Amino acid sequence: MRFPFFAVILLFFSVSSLKAQKTVEMQDSVPQHIFTFKEIEVLEDAGNRYTFDEIKSSAFDQKFKASLTSTPQTKQLNKTYWFRIKIKQNDKADKPFLLEFFDQTIDHITAYIPQANQKYTVENLGDANNFDKRLIHHKNFEIPLQNEGNEIQTYYFKINSSQIADVIIVLRTTDWFISYALDEYFYFGIFYGMILVFSFYNLIMFIAIRQKQYLYYVLYNLSVGFFEMSTDGIAYQYLWPNAPAWNQVAYAFALCATSIFALLFTRELLYVKAKAPKLNHFIIGIIVCRIIFFIYCYLFNQTLFSYKFIEAVPLSVAFFTGIYIYRKGYQPARFFVLGYSFLFAGFMLKFLIMLGIGWLNFGAISYYSLSFCFVLEMIFLSFAIGDKVRILKVKKDKAQQKIIRQMAVNAKLKDSINQELESKVEERTREVYHKSLIIESKNQALEEANALLQQQAEEISRMNVLLEHDNEELQTSVEKVTRDRVMSTEVDFEEFSKIYPDKETCYEFLAQLKWSTGYHCRKCSNDHYFAGHILHSRRCSKCGYEESVTTYTIFHNTRIPINKAFYMIFLIYSSKGKISSHKLAELLSIRQSTCWTFGSRIKKVMDDRKKTLKKSAKNGWSQLVIE
């Protein structure tokens with residue numbers, strides 16, 4: 001009976017050891033260790049109800065479950081998760097150790113660190129805090145550990161994040177961490193340096209050539225760099241260490257810009273507008289939808305930013321566009337398709353890891369796979385741009401050679417034509433010479449006739465001078481008589497229009513009448529002026545006030561043509577105000593209501609100036625013009 005009893009006891013301890021959490025020991029020979037599967041246990045606290053005292057109690061010991069994947073994730077956004085690991089101290093280990101959280105995007109990490117006196121100290125980490133509050137100023141989150149004795153200590157971590165976070169906890173020796181960090185920052189420098197170099201080179205090309213494809217490529221590269229810096233913690237460390245709120249959404253701005261400029265670059269590089277008009281409209285629609293989605297997320301639900309797989313849509317559209325244009329025979333698209341193939345592969349790897357396919361997450365290579373793919377894509381896109389320039393150069397060379405051949409043909413044709421022309425010119429020259437002899441004899445006769453005609457022309461010129469003088473005197477007399485007749489007698493509008501035929505004539509008369517005694521500014525009393533912007537207006541040389549020719553006259557703000565307004569004043573004045581508005585409307589072809597309104601205004605002025613009008617000898621109607 002003893003053997004079965006001991007067998008049961010042995011089986012019980014074997015099952016207990018299978019369910020127990022695996023402990024990781026500090027060893028100098030193991031510079032780093034990543035906690036996976038049974039080494040890290042998880043408890044979901046969706047309502048954030050549990051306190052740390054409850055979590056570490058024996059009642060909650062069985063509620064923690066070993067991670068089913070190599071890298072556990074916080075898939076419920078803004079929900080609380082508890083994680084625990086066990087580390088065995090080793091007093092034979094001489095090197096200092098630390099714990100590092102590899103995912104820099106975790107918002108809140110509350111670390112409960114065991115001490116030698118069975119108590120815990122609390123450290124608050126996460127990118128929701130200012131960068132200078134970190135224990136170690138590094139882009140990741142590090143916690144220095146104590147190594148005293150050989151005890152097994154349990155570490156608890158309370159994690160909450162607004163986006164899906166990879167809980168990658170690594171035990172490292174300090175010297176390994178320093179070496180690894182220096183190497184990582186070195187490679188970051190190479191990566192971002194490449195982005196800056198490519199961007200600067202293409203910016204110079206844009207300035208030199210003024211093709212929008214270079215500008216979009218620069219903006220696309222800078223957006224990629226901005227996104228990578230936002231997600232790997234470099235931007236938070238160096239660009240905005242005291243802006244945690246902005247750090248939560250900065251990557252979303254960069255990701256949106258990356259998609260938009262990638263599609264714009266695709267349109268320009270592959271001539272999508274000309275080669276595939278329907279696909280071009282579809283790309284524009286995707287750009288508009290992406291911007292609308294971003295605005296909605298930013299204003300109403302920022303948790304949607306964490307669904308980065310939405311970028312598969314613009315990425316797939318750009319990829320499909322490259323394949324479609326390449327199949328239509330455009331050669332530079334082959335490098336474009338190759339570059340986007342790497343990017344698409346890196347994106348799909350990240351997407352599958354996010355879906356929980358843990359075996360794809362095999363270390364730093366998979367973690368930085370998208371960055372590697374961005375570098376390869378950037379290189380092949382540069383090849384695509386260079387190939388496009390090469391094809392354009394080949395076309396240009398062919399066009400130049402065609403022009404040179406055409407110029408040679410033109411030169412031969414020109415020589416043959418010149419020879420033919422020379423022979424014809426010689427023949428024509430002989431004809432002209434014979435005819436010139438005949439013309440010379442006739443020219444002598446013409447010269448004699450011209451001398452006689454010259455004498456007659458001089459006589460006619462003297463007579464023309466006398467006639468012009470008489471005509472001028474006659475014209476002056478006629479104009480004077482006509483003007484006096486118009487000013488003093490009743491004439492029709494046709495005859496009146498001969499004196500004031502258009503606006504310029506009327507304005508000229510008004511200017512002479514208005515400023516007959518000299519210019520005087522009504523604002524500053526200055527006597528000097530310049531010609532204004534309006535016809536016959538005058539602008540003060542001192543204060544700049546511009547006075548039109550109709551201002552302060554009875555014609556100010558009237559809509560009646562100025563020559564008809566002149567005639568209306570003349571008719572009302574000559575009839576002493578007895579002409580009716582119906583008669584004025586008939587004579588001037590203006591509405592009766594308009595004639596009545598303006599006529600009433602004229603009659604009022606006549607009534608106010610009775611005494612002045614009686615004393616005027618002639619041109620009495622002009623006394624009604626100036627206010």
# chains A, B, ... in the order shown; residues from 1 in each chain; ligands from 1

call {"tool": "residues_around", "arguments": {"residues": "Lys564 in chain A", "least_positions_apart": "2", "cutoff": "10 Å", "atoms": "only C-alpha atoms", "output": "list of chain:residue names"}}
result
A:Phe493, A:Phe496, A:Ser497, A:Tyr500, A:Pro501, A:Asp502, A:Lys503, A:Ile560, A:Pro561, A:Ile562, A:Phe566, A:Tyr567, A:Met568, A:Ile569, A:Phe570, A:Leu587, A:Leu588, A:Ser589, A:Ile590

call {"tool": "residues_around", "arguments": {"residues": "range 300-312 of chain A", "least_positions_apart": "4", "cutoff": "9 Å", "atoms": "only C-alpha atoms", "output": "ChimeraX atom specification"}}
result
/A:77-78,162-164,249,251-252,255-256,259,290,294-296,316-317,344,347-348,351

call {"tool": "write_last_selection", "arguments": {"atoms": "C-alpha atoms", "output": "tab-separated table (two decimals), in the first residue's frame"}}
result
chain	number	residue	atom	x	y	z
A	77	LEU	CA	-8.11	49.34	-24.91
A	78	ASN	CA	-8.09	51.49	-21.78
A	162	SER	CA	-5.13	53.46	-25.03
A	163	GLN	CA	-3.72	51.28	-27.80
A	164	ILE	CA	-2.76	47.64	-28.10
A	249	VAL	CA	-1.67	61.25	-30.90
A	251	TYR	CA	1.90	58.96	-34.43
A	252	ALA	CA	-1.66	59.27	-35.82
A	255	LEU	CA	0.53	57.85	-40.15
A	256	CYS	CA	-2.20	59.86	-41.87
A	259	SER	CA	-0.74	57.47	-46.40
A	290	ARG	CA	-8.53	58.95	-45.07
A	294	PHE	CA	-8.59	61.05	-39.27
A	295	ILE	CA	-10.67	64.13	-38.43
A	296	TYR	CA	-13.46	61.95	-37.01
A	316	SER	CA	-2.91	48.24	-51.07
A	317	VAL	CA	-4.23	50.92	-53.43
A	344	PHE	CA	3.58	45.30	-47.85
A	347	PHE	CA	3.09	45.56	-42.82
A	348	MET	CA	1.48	42.11	-43.12
A	351	PHE	CA	-0.58	42.79	-38.79

call {"tool": "select_by_dssp", "arguments": {"residues": "range 57-260 of chain A", "states": "alpha helix (DSSP H)", "output": "JSON, numbers by chain"}}
result
{"A": [174, 175, 176, 177, 178, 179, 180, 181, 182, 183, 184, 185, 186, 187, 188, 189, 190, 191, 192, 193, 194, 195, 196, 197, 198, 199, 200, 201, 202, 203, 204, 205, 206, 207, 208, 209, 212, 213, 214, 215, 216, 217, 218, 219, 220, 221, 222, 223, 224, 225, 226, 227, 228, 229, 230, 231, 232, 234, 235, 236, 237, 238, 244, 245, 246, 247, 248, 249, 250, 251, 252, 253, 254, 255, 256, 257, 258, 259, 260]}

call {"tool": "residues_around", "arguments": {"residues": "range 278-284 of chain A", "least_positions_apart": "4", "cutoff": "10 Å", "atoms": "only C-alpha atoms", "output": "PyMOL selection string"}}
result
chain A and resi 260+263-264+266-267+271-274+288-290+314+317-318+320-321+324

call {"tool": "write_last_selection", "arguments": {"atoms": "N, CA, C and O atoms", "output": "mmCIF file, in the first residue's frame"}}
result
data_model
loop_
_atom_site.group_PDB
_atom_site.id
_atom_site.type_symbol
_atom_site.label_atom_id
_atom_site.label_comp_id
_atom_site.auth_asym_id
_atom_site.auth_seq_id
_atom_site.Cartn_x
_atom_site.Cartn_y
_atom_site.Cartn_z
ATOM 1 N N ILE A 260 -1.324 59.718 -47.108
ATOM 2 C CA ILE A 260 -1.733 60.730 -48.093
ATOM 3 C C ILE A 260 -0.601 61.026 -49.068
ATOM 4 O O ILE A 260 -0.783 61.011 -50.296
ATOM 5 N N LEU A 263 0.123 58.195 -51.564
ATOM 6 C CA LEU A 263 -0.800 58.150 -52.699
ATOM 7 C C LEU A 263 -0.538 59.297 -53.671
ATOM 8 O O LEU A 263 -0.598 59.120 -54.893
ATOM 9 N N LEU A 264 -0.246 60.487 -53.148
ATOM 10 C CA LEU A 264 0.059 61.620 -54.031
ATOM 11 C C LEU A 264 1.342 61.355 -54.823
ATOM 12 O O LEU A 264 1.428 61.675 -56.021
ATOM 13 N N THR A 266 2.473 58.419 -55.614
ATOM 14 C CA THR A 266 2.126 57.379 -56.586
ATOM 15 C C THR A 266 1.494 57.993 -57.832
ATOM 16 O O THR A 266 1.833 57.630 -58.970
ATOM 17 N N ARG A 267 0.568 58.941 -57.634
ATOM 18 C CA ARG A 267 -0.102 59.595 -58.764
ATOM 19 C C ARG A 267 0.901 60.313 -59.661
ATOM 20 O O ARG A 267 0.816 60.223 -60.899
ATOM 21 N N TYR A 271 2.237 58.697 -63.405
ATOM 22 C CA TYR A 271 1.357 59.367 -64.371
ATOM 23 C C TYR A 271 -0.044 58.738 -64.370
ATOM 24 O O TYR A 271 -0.625 58.443 -65.417
ATOM 25 N N VAL A 272 -0.576 58.523 -63.170
ATOM 26 C CA VAL A 272 -1.856 57.823 -63.043
ATOM 27 C C VAL A 272 -2.977 58.623 -63.698
ATOM 28 O O VAL A 272 -3.891 58.052 -64.306
ATOM 29 N N LYS A 273 -2.909 59.944 -63.609
ATOM 30 C CA LYS A 273 -3.969 60.782 -64.177
ATOM 31 C C LYS A 273 -4.103 60.572 -65.678
ATOM 32 O O LYS A 273 -5.224 60.570 -66.221
ATOM 33 N N ALA A 274 -2.986 60.377 -66.360
ATOM 34 C CA ALA A 274 -3.022 60.193 -67.812
ATOM 35 C C ALA A 274 -3.190 58.729 -68.205
ATOM 36 O O ALA A 274 -3.889 58.412 -69.166
ATOM 37 N N VAL A 288 -9.386 61.484 -49.675
ATOM 38 C CA VAL A 288 -10.443 62.244 -48.988
ATOM 39 C C VAL A 288 -11.007 61.432 -47.826
ATOM 40 O O VAL A 288 -11.199 61.951 -46.715
ATOM 41 N N CYS A 289 -11.285 60.139 -48.053
ATOM 42 C CA CYS A 289 -11.819 59.279 -46.989
ATOM 43 C C CYS A 289 -10.832 59.163 -45.828
ATOM 44 O O CYS A 289 -11.237 59.162 -44.655
ATOM 45 N N ARG A 290 -9.534 59.072 -46.143
ATOM 46 C CA ARG A 290 -8.531 58.951 -45.071
ATOM 47 C C ARG A 290 -8.497 60.220 -44.224
ATOM 48 O O ARG A 290 -8.380 60.149 -42.987
ATOM 49 N N PRO A 314 -4.879 52.325 -48.075
ATOM 50 C CA PRO A 314 -4.067 53.145 -49.000
ATOM 51 C C PRO A 314 -2.806 52.424 -49.465
ATOM 52 O O PRO A 314 -2.368 52.604 -50.609
ATOM 53 N N VAL A 317 -3.886 50.144 -52.233
ATOM 54 C CA VAL A 317 -4.230 50.923 -53.428
ATOM 55 C C VAL A 317 -2.972 51.345 -54.169
ATOM 56 O O VAL A 317 -2.875 51.228 -55.401
ATOM 57 N N ALA A 318 -1.971 51.836 -53.423
ATOM 58 C CA ALA A 318 -0.708 52.240 -54.059
ATOM 59 C C ALA A 318 -0.013 51.026 -54.691
ATOM 60 O O ALA A 318 0.510 51.105 -55.813
ATOM 61 N N PHE A 320 -1.416 48.170 -55.742
ATOM 62 C CA PHE A 320 -2.176 47.740 -56.922
ATOM 63 C C PHE A 320 -1.961 48.706 -58.091
ATOM 64 O O PHE A 320 -1.854 48.282 -59.248
ATOM 65 N N THR A 321 -1.893 50.003 -57.792
ATOM 66 C CA THR A 321 -1.671 50.995 -58.851
ATOM 67 C C THR A 321 -0.332 50.762 -59.538
ATOM 68 O O THR A 321 -0.229 50.818 -60.775
ATOM 69 N N TYR A 324 -0.663 47.724 -61.764
ATOM 70 C CA TYR A 324 -1.500 48.015 -62.934
ATOM 71 C C TYR A 324 -0.731 48.845 -63.970
ATOM 72 O O TYR A 324 -0.738 48.543 -65.171
#

call {"tool": "residues_around", "arguments": {"residues": "range 24-27 of chain A", "least_positions_apart": "4", "cutoff": "12 Å", "atoms": "only C-alpha atoms", "output": "JSON, numbers by chain"}}
result
{"A": [31, 32, 33, 34, 35, 36, 38, 39, 40, 85, 86, 87, 88, 89, 90, 91, 92, 93, 94, 95, 96, 97, 98, 99, 145, 146, 147, 148, 149, 150, 151, 152, 153, 154, 155, 169, 170, 171, 172, 173]}

call {"tool": "write_last_selection", "arguments": {"atoms": "C-alpha atoms", "output": "CSV table (one decimal), in the first residue's frame"}}
result
chain,number,residue,atom,x,y,z
A,31,PRO,CA,23.1,38.9,-20.2
A,32,GLN,CA,19.4,39.2,-21.2
A,33,HIS,CA,16.3,37.1,-20.9
A,34,ILE,CA,12.8,37.8,-22.3
A,35,PHE,CA,9.9,36.6,-20.2
A,36,THR,CA,7.6,34.4,-22.2
A,38,LYS,CA,4.8,30.5,-18.2
A,39,GLU,CA,7.4,33.0,-17.1
A,40,ILE,CA,4.8,35.8,-17.1
A,85,ILE,CA,6.9,37.6,-12.9
A,86,LYS,CA,9.2,35.8,-10.5
A,87,ILE,CA,12.9,36.4,-10.3
A,88,LYS,CA,15.4,34.5,-8.2
A,89,GLN,CA,18.1,36.6,-6.8
A,90,ASN,CA,21.7,35.3,-7.0
A,91,ASP,CA,24.3,36.5,-4.5
A,92,LYS,CA,27.0,35.0,-6.7
A,93,ALA,CA,26.1,37.3,-9.6
A,94,ASP,CA,28.4,40.3,-9.6
A,95,LYS,CA,26.7,42.3,-12.3
A,96,PRO,CA,23.8,44.7,-11.6
A,97,PHE,CA,20.5,43.9,-13.3
A,98,LEU,CA,17.5,45.8,-14.5
A,99,LEU,CA,14.0,45.1,-16.0
A,145,LEU,CA,16.9,45.7,-9.5
A,146,GLN,CA,18.5,44.8,-6.2
A,147,ASN,CA,20.4,41.5,-5.9
A,148,GLU,CA,20.7,40.5,-2.3
A,149,GLY,CA,20.6,36.9,-1.2
A,150,ASN,CA,19.0,34.0,-3.0
A,151,GLU,CA,15.3,34.7,-2.6
A,152,ILE,CA,12.6,34.3,-5.1
A,153,GLN,CA,10.8,37.7,-5.5
A,154,THR,CA,7.5,38.4,-7.3
A,155,TYR,CA,7.1,41.6,-9.3
A,169,ILE,CA,9.6,42.4,-20.2
A,170,VAL,CA,13.3,41.7,-20.5
A,171,LEU,CA,15.8,41.0,-17.7
A,172,ARG,CA,19.2,42.5,-18.6
A,173,THR,CA,22.5,43.1,-17.1

call {"tool": "residues_around", "arguments": {"residues": "Gln76 in chain A", "least_positions_apart": "3", "cutoff": "10 Å", "atoms": "only C-alpha atoms", "output": "PyMOL selection string"}}
result
chain A and resi 44+46+73+79-81+160-165

call {"tool": "atom_distance", "arguments": {"atom1": "CA of Ile572 in chain A", "atom2": "CA of Gly518 in chain A"}}
result
29.0 Å

call {"tool": "atom_distance", "arguments": {"atom1": "CA of Arg601 in chain A", "atom2": "CA of Lys514 in chain A"}}
result
19.1 Å

call {"tool": "residues_around", "arguments": {"residues": "Phe227 in chain A", "least_positions_apart": "2", "cutoff": "7 Å", "atoms": "only C-alpha atoms", "output": "PyMOL selection string"}}
result
chain A and resi 223-225+229-231+251+254-255

call {"tool": "write_last_selection", "arguments": {"atoms": "N, CA, C and O atoms", "output": "compact mmCIF listing (two decimals), in the first residue's frame"}}
result
# COMPACT_ATOMS: atom_id res chain seq x y z
N SER A 223 7.34 62.02 -43.31
CA SER A 223 6.20 61.46 -42.56
C SER A 223 6.55 60.09 -42.01
O SER A 223 6.20 59.76 -40.86
N VAL A 224 7.25 59.28 -42.81
CA VAL A 224 7.69 57.96 -42.33
C VAL A 224 8.64 58.12 -41.14
O VAL A 224 8.49 57.44 -40.11
N GLY A 225 9.59 59.04 -41.27
CA GLY A 225 10.51 59.28 -40.17
C GLY A 225 9.80 59.78 -38.93
O GLY A 225 10.09 59.36 -37.80
N MET A 229 9.74 57.78 -35.39
CA MET A 229 10.20 58.44 -34.16
C MET A 229 9.12 58.48 -33.10
O MET A 229 9.39 58.39 -31.91
N SER A 230 7.86 58.63 -33.55
CA SER A 230 6.75 58.69 -32.60
C SER A 230 6.49 57.33 -31.96
O SER A 230 6.08 57.26 -30.80
N THR A 231 6.71 56.24 -32.72
CA THR A 231 6.40 54.92 -32.20
C THR A 231 7.57 54.28 -31.45
O THR A 231 7.35 53.44 -30.57
N TYR A 251 1.71 60.01 -33.43
CA TYR A 251 1.90 58.96 -34.43
C TYR A 251 0.74 58.92 -35.41
O TYR A 251 0.91 58.56 -36.59
N ALA A 254 1.30 61.46 -38.09
CA ALA A 254 2.35 61.00 -39.00
C ALA A 254 1.84 59.88 -39.90
O ALA A 254 2.15 59.85 -41.10
N LEU A 255 1.04 58.98 -39.36
CA LEU A 255 0.53 57.85 -40.15
C LEU A 255 -0.42 58.33 -41.23
O LEU A 255 -0.39 57.86 -42.37

call {"tool": "residues_around", "arguments": {"residues": "Thr69 in chain A", "least_positions_apart": "2", "cutoff": "7 Å", "atoms": "only C-alpha atoms", "output": "list in words"}}
result
Phe37, Ser67, Thr71, Pro72 and Gly358 of chain A

call {"tool": "write_last_selection", "arguments": {"atoms": "N, CA, C and O atoms", "output": "compact mmCIF listing (two decimals), in the first residue's frame"}}
result
# COMPACT_ATOMS: atom_id res chain seq x y z
N PHE A 37 5.57 33.01 -22.15
CA PHE A 37 4.73 31.89 -21.76
C PHE A 37 4.58 31.81 -20.23
O PHE A 37 4.08 32.75 -19.62
N SER A 67 0.75 33.18 -19.62
CA SER A 67 0.53 33.73 -20.97
C SER A 67 0.49 32.59 -21.98
O SER A 67 1.32 31.68 -21.97
N THR A 71 4.44 36.67 -26.40
CA THR A 71 4.37 38.08 -26.03
C THR A 71 2.93 38.43 -25.70
O THR A 71 2.09 38.58 -26.60
N PRO A 72 2.56 38.56 -24.44
CA PRO A 72 1.18 38.94 -24.09
C PRO A 72 0.88 40.37 -24.53
O PRO A 72 1.79 41.21 -24.61
N GLY A 358 1.88 34.27 -32.62
CA GLY A 358 3.07 34.55 -31.81
C GLY A 358 4.36 34.05 -32.41
O GLY A 358 5.42 34.64 -32.17

call {"tool": "select_by_dssp", "arguments": {"residues": "range 1-209 of chain A", "states": "strand (DSSP E or B)", "output": "VMD selection string"}}
result
chain A and resid 24 to 25 32 to 34 40 to 45 65 to 66 73 to 74 80 to 88 97 to 101 108 to 114 120 to 125 141 to 144 152 to 160 165 to 166 169 to 173
